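Enquirer: First the structure, which I've put down as structure tokens, then a few questions once you've had a look.
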Amino acid sequence: MLIVGAGPAGSTTARYCAGKDLDVLLIDRRNEIGYPVQCGEFLPDAKEMYSMFPKTMDLEELFRLENKCVAGESDYIDLISPKGKVYRCDFVGSTLDRRVFDKHLVKLAVEAGARLETKTSFLSMSDGIARTTMGDIEAKVIVGADGPNSRTARQAGLRNPEERYPAVTCQTTVKFEPTIKMYFGGLAPGGYAWVIPKRNGANVGMGFNPKLINERPRVLFDRFVAKLGIDHSDVTMGFVPQSGPLDRTVIGSTLLVGDAAGHVMPTNGGGIPLAMIAGRIAGQTVREHLKNGVSLMEYERRWKTVLGKPLANSLRTRKLGDIFFPTDRRTEFAMAVLGKRGLARAIKCRKVFYLM
Ligand SMILES: Cc1cc2nc3c(=O)[nH]c(=O)nc-3n(C[C@H](O)[C@H](O)[C@H](O)COP(=O)(O)OP(=O)(O)OC[C@H]3O[C@@H](n4cnc5c(N)ncnc54)[C@H](O)[C@@H]3O)c2cc1C
């Protein structure tokens, strides 16, 4: 079995599939796993995930974090309107150090029996043979865990997530109170800017709807950082799938997991926990497929059961938000109408209005 991409989705898939009886190869084009960091690094705790995704199970085991992976903790999110009104919501989670965390997940996969090859790019595939920069690899199953612009998906005849929002992030050594800040309005059109606190600084960044910006993402980002008046380093840019999960994530003997499958919450941009939840389902299903002939389609059925409904709610809310986001005045109005409770429901993937 071949897994393309050693982010949270690929390494978790490998961890739950590998064993002495199965040959699992995990490849990644990066030199160093988890670096550069292209992420806000926030991971909700297991209780928050159960409340958002009530059909998930055994998250304590999946999300168990070694101290070295955790760079900070927070109990609240402040949602801040264009005029500066603060709506504080309970939301417990950790700020990760993804440079350490991604390596830790890979270590768990290797301990389970998977093999890892870095500096290895997937190029193309045909008839169960994957062409990579380390040569051709024959695999009974190929898992595309190669992020939002998945080449594996396109090569297999599947799609990439339709909407991918650009997002820019950096690290600062300036310390903030241990509460996540999400700033809405024209400073990050159609998305939000964030400060995600760490014990020794913070992760600062923003994501936007590319249809609503008429400046380069870096210009908007620099303006926000200047407004905060902070030192910063390690500026990176990435893309966040924002159109909900793909309907089709399995074709023949290929399946897609994590960002490649659009497993991201559209109202908050969080994808790490879903990559791990879907990765575990993928790993377990591929194992059952290779050992007992269980259909790979079972993977799609299982992740849809667990993630499908909350992600559909979240996508609906994000689309509703698109009506209000274009101007600060409308954003201010929508936030006031929703209030703290409605806004908390939105970011937690629930229906914002009970009648929707
Ligand atoms: C700026 C930004 C901020 C974010 N903030 C948060 C946040 O705070 N919390 C949260 O939960 N989520 C956040 N996300 C989303 C989160 O980062 C992703 O959802 C998560 O990383 C998905 O994991 P993954 O394993 O699917 O993909 P990735 O982590 O992207 O891993 C994909 C891997 O595939 C490798 N790869 C790609 N192509 C190839 C190839 N052809 N051959 C070999 N290897 C390949 C890459 O090198 C990479 O290591 C953010 C995203 C961005 C861009």
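Identifiers in the structure tokens: chain A, B, ... in order shown; residue index from 1 per chain; ligand index from 1 in order shown.
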Within stretch 150-279 of chain A, find each residue whose DSSP state, derived from the backbone, is strand (DSSP E), and express the selection as an MDAnalysis selection string.

Expert: chainID A and resid 164:172 180:183 192:198 201:207 233:241 250:251 254:256

Enquirer: Using only C-alpha atoms, which protein or nucleic acid residues come within 12 Å of A:Gly308? Drop anything in the same chain fewer than 2 positions from it, and give the result as an MDAnalysis selection string.

Expert: chainID A and resid 52:56 244:247 262:265 274 278 300:306 310:315 349

Enquirer: Just N, CA, C and O atoms for this one: save the residues we selected as a compact mmCIF listing (two decimals), in the first residue's frame.

Expert:
```txt
# COMPACT_ATOMS: atom_id res chain seq x y z
N MET A 52 -19.13 18.77 18.35
CA MET A 52 -19.35 19.17 16.94
C MET A 52 -19.66 17.96 16.06
O MET A 52 -20.44 18.05 15.12
N PHE A 53 -19.02 16.83 16.37
CA PHE A 53 -19.17 15.62 15.54
C PHE A 53 -19.61 14.47 16.46
O PHE A 53 -18.79 13.61 16.83
N PRO A 54 -20.89 14.46 16.85
CA PRO A 54 -21.33 13.52 17.90
C PRO A 54 -21.15 12.05 17.54
O PRO A 54 -21.16 11.21 18.43
N LYS A 55 -20.97 11.76 16.25
CA LYS A 55 -20.82 10.34 15.89
C LYS A 55 -19.37 9.85 15.91
O LYS A 55 -19.10 8.71 15.57
N THR A 56 -18.45 10.73 16.30
CA THR A 56 -17.05 10.27 16.39
C THR A 56 -16.85 9.46 17.68
O THR A 56 -17.60 9.62 18.63
N GLY A 244 -16.43 22.28 1.45
CA GLY A 244 -16.98 21.05 2.03
C GLY A 244 -16.30 19.83 1.44
O GLY A 244 -15.47 19.93 0.53
N PRO A 245 -16.63 18.66 1.96
CA PRO A 245 -15.96 17.45 1.48
C PRO A 245 -16.39 17.09 0.06
O PRO A 245 -17.50 17.41 -0.35
N LEU A 246 -15.49 16.44 -0.65
CA LEU A 246 -15.84 15.94 -1.99
C LEU A 246 -16.89 14.86 -1.83
O LEU A 246 -16.86 14.10 -0.86
N ASP A 247 -17.78 14.79 -2.80
CA ASP A 247 -18.79 13.74 -2.73
C ASP A 247 -18.13 12.38 -3.00
O ASP A 247 -18.44 11.39 -2.37
N GLY A 262 -11.19 17.38 0.96
CA GLY A 262 -11.99 18.53 1.43
C GLY A 262 -12.47 18.37 2.86
O GLY A 262 -13.46 18.99 3.25
N HIS A 263 -11.77 17.58 3.66
CA HIS A 263 -12.18 17.36 5.05
C HIS A 263 -11.75 18.53 5.94
O HIS A 263 -10.82 18.42 6.76
N VAL A 264 -12.41 19.65 5.74
CA VAL A 264 -12.11 20.87 6.51
C VAL A 264 -13.44 21.53 6.88
O VAL A 264 -14.37 21.52 6.08
N MET A 265 -13.51 22.13 8.08
CA MET A 265 -14.74 22.80 8.51
C MET A 265 -14.81 24.19 7.86
O MET A 265 -13.98 25.05 8.20
N LEU A 274 -10.00 16.64 11.52
CA LEU A 274 -10.75 15.83 10.54
C LEU A 274 -9.81 14.95 9.73
O LEU A 274 -10.16 13.82 9.37
N ALA A 278 -10.58 11.07 9.67
CA ALA A 278 -10.76 10.37 8.39
C ALA A 278 -9.57 9.44 8.12
O ALA A 278 -9.74 8.36 7.54
N GLU A 300 -15.71 5.56 2.37
CA GLU A 300 -16.53 6.75 2.09
C GLU A 300 -17.82 6.73 2.91
O GLU A 300 -18.23 7.76 3.47
N ARG A 301 -18.42 5.57 3.01
CA ARG A 301 -19.66 5.47 3.78
C ARG A 301 -19.38 5.84 5.25
O ARG A 301 -20.13 6.57 5.87
N ARG A 302 -18.26 5.33 5.77
CA ARG A 302 -17.96 5.55 7.19
C ARG A 302 -17.65 7.02 7.49
O ARG A 302 -18.12 7.57 8.47
N TRP A 303 -16.79 7.67 6.65
CA TRP A 303 -16.47 9.07 6.99
C TRP A 303 -17.70 9.95 6.80
O TRP A 303 -17.89 10.91 7.54
N LYS A 304 -18.56 9.60 5.83
CA LYS A 304 -19.76 10.42 5.64
C LYS A 304 -20.69 10.31 6.84
O LYS A 304 -21.32 11.28 7.25
N THR A 305 -20.76 9.12 7.43
CA THR A 305 -21.60 8.93 8.61
C THR A 305 -21.11 9.81 9.75
O THR A 305 -21.89 10.44 10.47
N VAL A 306 -19.81 9.90 9.91
CA VAL A 306 -19.25 10.61 11.06
C VAL A 306 -19.12 12.13 10.81
O VAL A 306 -19.40 12.94 11.69
N PRO A 310 -22.41 17.52 10.12
CA PRO A 310 -21.83 18.79 10.61
C PRO A 310 -21.12 19.57 9.50
O PRO A 310 -21.21 20.81 9.47
N LEU A 311 -20.46 18.88 8.59
CA LEU A 311 -19.78 19.61 7.51
C LEU A 311 -20.78 20.25 6.56
O LEU A 311 -20.56 21.34 6.03
N ALA A 312 -21.93 19.58 6.33
CA ALA A 312 -22.98 20.18 5.49
C ALA A 312 -23.54 21.43 6.16
O ALA A 312 -23.74 22.47 5.52
N ASN A 313 -23.75 21.38 7.49
CA ASN A 313 -24.21 22.58 8.23
C ASN A 313 -23.20 23.70 8.08
O ASN A 313 -23.55 24.86 7.84
N SER A 314 -21.93 23.36 8.26
CA SER A 314 -20.88 24.36 8.25
C SER A 314 -20.78 25.02 6.87
O SER A 314 -20.62 26.23 6.75
N LEU A 315 -20.92 24.22 5.81
CA LEU A 315 -20.84 24.77 4.46
C LEU A 315 -22.02 25.71 4.20
O LEU A 315 -21.86 26.79 3.63
N CYS A 349 -19.99 24.35 13.68
CA CYS A 349 -20.60 23.52 12.63
C CYS A 349 -22.05 23.13 12.92
O CYS A 349 -22.53 22.10 12.45
```

Enquirer: How would you write, as a ChimeraX atom specification, the set of residues no farther than 7 Å from ligand 1 when counting only C-alpha atoms and all ligand atoms?

Expert: /A:4-10,27-30,33-34,38-43,120-123,145-148,150-151,166-169,205-207,237-240,257-260,264,269-273,275

Enquirer: Can you list, as an mmCIF file with all heavy atoms, in the first residue's frame, every protein, DNA or RNA residue that comes within 6 Å of A:Leu26 when you count only C-alpha atoms, leaving out same-chain residues fewer than 2 positions away?

Expert:
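Ended up saving to part.cif:
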```
data_model
loop_
_atom_site.group_PDB
_atom_site.id
_atom_site.type_symbol
_atom_site.label_atom_id
_atom_site.label_comp_id
_atom_site.auth_asym_id
_atom_site.auth_seq_id
_atom_site.Cartn_x
_atom_site.Cartn_y
_atom_site.Cartn_z
ATOM 1 N N ILE A 3 0.966 5.498 0.501
ATOM 2 C CA ILE A 3 0.281 6.699 0.984
ATOM 3 C C ILE A 3 1.105 7.905 0.540
ATOM 4 O O ILE A 3 2.300 8.003 0.854
ATOM 5 C CB ILE A 3 0.132 6.682 2.515
ATOM 6 C CG1 ILE A 3 -0.668 5.444 2.952
ATOM 7 C CG2 ILE A 3 -0.563 7.954 3.004
ATOM 8 C CD1 ILE A 3 -0.675 5.191 4.450
ATOM 9 N N ARG A 115 6.759 2.307 6.539
ATOM 10 C CA ARG A 115 8.071 2.806 6.096
ATOM 11 C C ARG A 115 7.877 4.239 5.615
ATOM 12 O O ARG A 115 6.847 4.550 5.013
ATOM 13 C CB ARG A 115 8.609 1.981 4.938
ATOM 14 C CG ARG A 115 9.053 0.583 5.346
ATOM 15 C CD ARG A 115 9.663 -0.156 4.166
ATOM 16 N NE ARG A 115 8.682 -0.459 3.123
ATOM 17 C CZ ARG A 115 8.871 -0.213 1.836
ATOM 18 N NH1 ARG A 115 9.995 0.340 1.403
ATOM 19 N NH2 ARG A 115 7.940 -0.536 0.935
ATOM 20 N N LEU A 116 8.864 5.099 5.840
ATOM 21 C CA LEU A 116 8.761 6.500 5.422
ATOM 22 C C LEU A 116 9.876 6.841 4.446
ATOM 23 O O LEU A 116 11.028 6.481 4.676
ATOM 24 C CB LEU A 116 8.881 7.416 6.652
ATOM 25 C CG LEU A 116 9.038 8.914 6.347
ATOM 26 C CD1 LEU A 116 7.722 9.514 5.848
ATOM 27 C CD2 LEU A 116 9.529 9.684 7.572
#
```

Enquirer: How many Å lie between atom CA of A:Asn209 and atom CA of A:Cys89, rounded to one decimal?

Expert: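 Interatomic distance here is 23.9 Å.
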
Enquirer: Can you list every residue of stretch 197-306 of chain A that has an atom at most 12 Å from stretch 92-96 of chain A, with its nearest atom pair and the distance in Å to one decimal, using only C-alpha atoms, ordered by chain then number, as a Markdown table?

Expert:
```
| residue | atom | partner | partner_atom | distance |
| --- | --- | --- | --- | --- |
| A:Pro197 | CA | A:Thr95 | CA | 7.0 |
| A:Lys198 | CA | A:Thr95 | CA | 6.3 |
| A:Arg199 | CA | A:Thr95 | CA | 9.1 |
| A:Asn200 | CA | A:Thr95 | CA | 11.2 |
| A:Gly201 | CA | A:Thr95 | CA | 10.8 |
| A:Ala202 | CA | A:Thr95 | CA | 8.8 |
| A:Asn203 | CA | A:Thr95 | CA | 8.5 |
| A:Val204 | CA | A:Thr95 | CA | 11.7 |
| A:Gly270 | CA | A:Gly93 | CA | 11.9 |
| A:Ile272 | CA | A:Leu96 | CA | 10.3 |
| A:Pro273 | CA | A:Gly93 | CA | 11.2 |
```

Enquirer: At a cut-off of 12 Å, using only C-alpha atoms, what residues contact A:Arg287? Leave out same-chain residues fewer than 6 positions from it and give the result as a list in words.

Expert: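 Once the adjacent positions are removed, what remains is Met1, Thr13, Ala14, Arg15, Tyr16, Cys17, Ala18, Gly19, Lys20, Asp21, Leu22, Asp23, Val24, Lys140, Val141, Arg280, Ile281, Gly293, Val294, Ser295, Leu296, Glu298 and Tyr299 of chain A.
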
Enquirer: Write a file of the selected residues as a PDB file, in the first residue's frame, keeping N, CA, C and O atoms.

Expert:
```
ATOM      1  N   MET A   1       0.837  -1.193   0.000  1.00  0.00           N
ATOM      2  CA  MET A   1       0.000   0.000   0.000  1.00  0.00           C
ATOM      3  C   MET A   1       0.881   1.256   0.000  1.00  0.00           C
ATOM      4  O   MET A   1       1.889   1.307   0.702  1.00  0.00           O
ATOM      5  N   THR A  13      -3.445   7.601   8.592  1.00  0.00           N
ATOM      6  CA  THR A  13      -3.853   6.451   7.764  1.00  0.00           C
ATOM      7  C   THR A  13      -2.828   5.326   7.907  1.00  0.00           C
ATOM      8  O   THR A  13      -3.177   4.160   8.139  1.00  0.00           O
ATOM      9  N   ALA A  14      -1.543   5.703   7.802  1.00  0.00           N
ATOM     10  CA  ALA A  14      -0.471   4.694   7.886  1.00  0.00           C
ATOM     11  C   ALA A  14      -0.470   4.005   9.248  1.00  0.00           C
ATOM     12  O   ALA A  14      -0.348   2.779   9.354  1.00  0.00           O
ATOM     13  N   ARG A  15      -0.665   4.803  10.300  1.00  0.00           N
ATOM     14  CA  ARG A  15      -0.629   4.249  11.671  1.00  0.00           C
ATOM     15  C   ARG A  15      -1.692   3.170  11.864  1.00  0.00           C
ATOM     16  O   ARG A  15      -1.445   2.143  12.501  1.00  0.00           O
ATOM     17  N   TYR A  16      -2.881   3.398  11.302  1.00  0.00           N
ATOM     18  CA  TYR A  16      -3.972   2.450  11.547  1.00  0.00           C
ATOM     19  C   TYR A  16      -4.053   1.335  10.513  1.00  0.00           C
ATOM     20  O   TYR A  16      -4.886   0.457  10.622  1.00  0.00           O
ATOM     21  N   CYS A  17      -3.191   1.392   9.522  1.00  0.00           N
ATOM     22  CA  CYS A  17      -3.204   0.318   8.521  1.00  0.00           C
ATOM     23  C   CYS A  17      -1.987  -0.592   8.690  1.00  0.00           C
ATOM     24  O   CYS A  17      -2.066  -1.804   8.481  1.00  0.00           O
ATOM     25  N   ALA A  18      -0.878   0.003   9.108  1.00  0.00           N
ATOM     26  CA  ALA A  18       0.397  -0.738   9.125  1.00  0.00           C
ATOM     27  C   ALA A  18       0.393  -1.875  10.139  1.00  0.00           C
ATOM     28  O   ALA A  18      -0.408  -1.906  11.066  1.00  0.00           O
ATOM     29  N   GLY A  19       1.276  -2.797   9.930  1.00  0.00           N
ATOM     30  CA  GLY A  19       1.450  -3.934  10.835  1.00  0.00           C
ATOM     31  C   GLY A  19       2.468  -4.852  10.194  1.00  0.00           C
ATOM     32  O   GLY A  19       2.857  -4.635   9.033  1.00  0.00           O
ATOM     33  N   LYS A  20       2.906  -5.884  10.944  1.00  0.00           N
ATOM     34  CA  LYS A  20       3.934  -6.796  10.403  1.00  0.00           C
ATOM     35  C   LYS A  20       3.435  -7.486   9.137  1.00  0.00           C
ATOM     36  O   LYS A  20       4.201  -7.876   8.266  1.00  0.00           O
ATOM     37  N   ASP A  21       2.093  -7.632   9.030  1.00  0.00           N
ATOM     38  CA  ASP A  21       1.517  -8.391   7.927  1.00  0.00           C
ATOM     39  C   ASP A  21       1.210  -7.542   6.693  1.00  0.00           C
ATOM     40  O   ASP A  21       0.757  -8.055   5.682  1.00  0.00           O
ATOM     41  N   LEU A  22       1.434  -6.217   6.751  1.00  0.00           N
ATOM     42  CA  LEU A  22       1.133  -5.370   5.578  1.00  0.00           C
ATOM     43  C   LEU A  22       2.281  -4.406   5.317  1.00  0.00           C
ATOM     44  O   LEU A  22       2.800  -3.792   6.254  1.00  0.00           O
ATOM     45  N   ASP A  23       2.639  -4.283   4.037  1.00  0.00           N
ATOM     46  CA  ASP A  23       3.716  -3.367   3.676  1.00  0.00           C
ATOM     47  C   ASP A  23       3.097  -1.999   3.363  1.00  0.00           C
ATOM     48  O   ASP A  23       2.383  -1.852   2.367  1.00  0.00           O
ATOM     49  N   VAL A  24       3.354  -1.023   4.232  1.00  0.00           N
ATOM     50  CA  VAL A  24       2.779   0.321   4.056  1.00  0.00           C
ATOM     51  C   VAL A  24       3.916   1.316   3.853  1.00  0.00           C
ATOM     52  O   VAL A  24       4.779   1.465   4.725  1.00  0.00           O
ATOM     53  N   LYS A 140      -1.308  -2.125  -4.165  1.00  0.00           N
ATOM     54  CA  LYS A 140      -2.692  -2.611  -4.280  1.00  0.00           C
ATOM     55  C   LYS A 140      -3.683  -1.491  -3.981  1.00  0.00           C
ATOM     56  O   LYS A 140      -4.785  -1.467  -4.500  1.00  0.00           O
ATOM     57  N   VAL A 141      -3.273  -0.569  -3.092  1.00  0.00           N
ATOM     58  CA  VAL A 141      -4.118   0.591  -2.762  1.00  0.00           C
ATOM     59  C   VAL A 141      -3.216   1.827  -2.717  1.00  0.00           C
ATOM     60  O   VAL A 141      -2.099   1.765  -2.208  1.00  0.00           O
ATOM     61  N   ARG A 280      -7.857   7.748  10.337  1.00  0.00           N
ATOM     62  CA  ARG A 280      -8.042   6.492  11.083  1.00  0.00           C
ATOM     63  C   ARG A 280      -9.060   5.588  10.372  1.00  0.00           C
ATOM     64  O   ARG A 280      -8.838   4.383  10.235  1.00  0.00           O
ATOM     65  N   ILE A 281     -10.147   6.206   9.888  1.00  0.00           N
ATOM     66  CA  ILE A 281     -11.158   5.400   9.170  1.00  0.00           C
ATOM     67  C   ILE A 281     -10.520   4.784   7.914  1.00  0.00           C
ATOM     68  O   ILE A 281     -10.723   3.612   7.602  1.00  0.00           O
ATOM     69  N   GLY A 293     -11.089  -8.442   2.251  1.00  0.00           N
ATOM     70  CA  GLY A 293     -11.861  -8.145   1.037  1.00  0.00           C
ATOM     71  C   GLY A 293     -13.002  -7.155   1.229  1.00  0.00           C
ATOM     72  O   GLY A 293     -13.866  -7.020   0.354  1.00  0.00           O
ATOM     73  N   VAL A 294     -12.996  -6.401   2.350  1.00  0.00           N
ATOM     74  CA  VAL A 294     -14.032  -5.369   2.543  1.00  0.00           C
ATOM     75  C   VAL A 294     -13.885  -4.313   1.438  1.00  0.00           C
ATOM     76  O   VAL A 294     -12.763  -3.930   1.082  1.00  0.00           O
ATOM     77  N   SER A 295     -15.020  -3.838   0.905  1.00  0.00           N
ATOM     78  CA  SER A 295     -14.957  -2.862  -0.189  1.00  0.00           C
ATOM     79  C   SER A 295     -14.355  -1.542   0.283  1.00  0.00           C
ATOM     80  O   SER A 295     -14.659  -1.071   1.389  1.00  0.00           O
ATOM     81  N   LEU A 296     -13.534  -0.922  -0.581  1.00  0.00           N
ATOM     82  CA  LEU A 296     -12.965   0.380  -0.212  1.00  0.00           C
ATOM     83  C   LEU A 296     -14.041   1.456  -0.104  1.00  0.00           C
ATOM     84  O   LEU A 296     -13.858   2.470   0.563  1.00  0.00           O
ATOM     85  N   GLU A 298     -16.477   1.337   1.581  1.00  0.00           N
ATOM     86  CA  GLU A 298     -16.859   1.386   2.990  1.00  0.00           C
ATOM     87  C   GLU A 298     -16.204   2.603   3.666  1.00  0.00           C
ATOM     88  O   GLU A 298     -16.769   3.202   4.575  1.00  0.00           O
ATOM     89  N   TYR A 299     -15.005   2.966   3.215  1.00  0.00           N
ATOM     90  CA  TYR A 299     -14.323   4.153   3.770  1.00  0.00           C
ATOM     91  C   TYR A 299     -15.205   5.387   3.603  1.00  0.00           C
ATOM     92  O   TYR A 299     -15.441   6.133   4.554  1.00  0.00           O
TER      93      TYR A 299
END
```
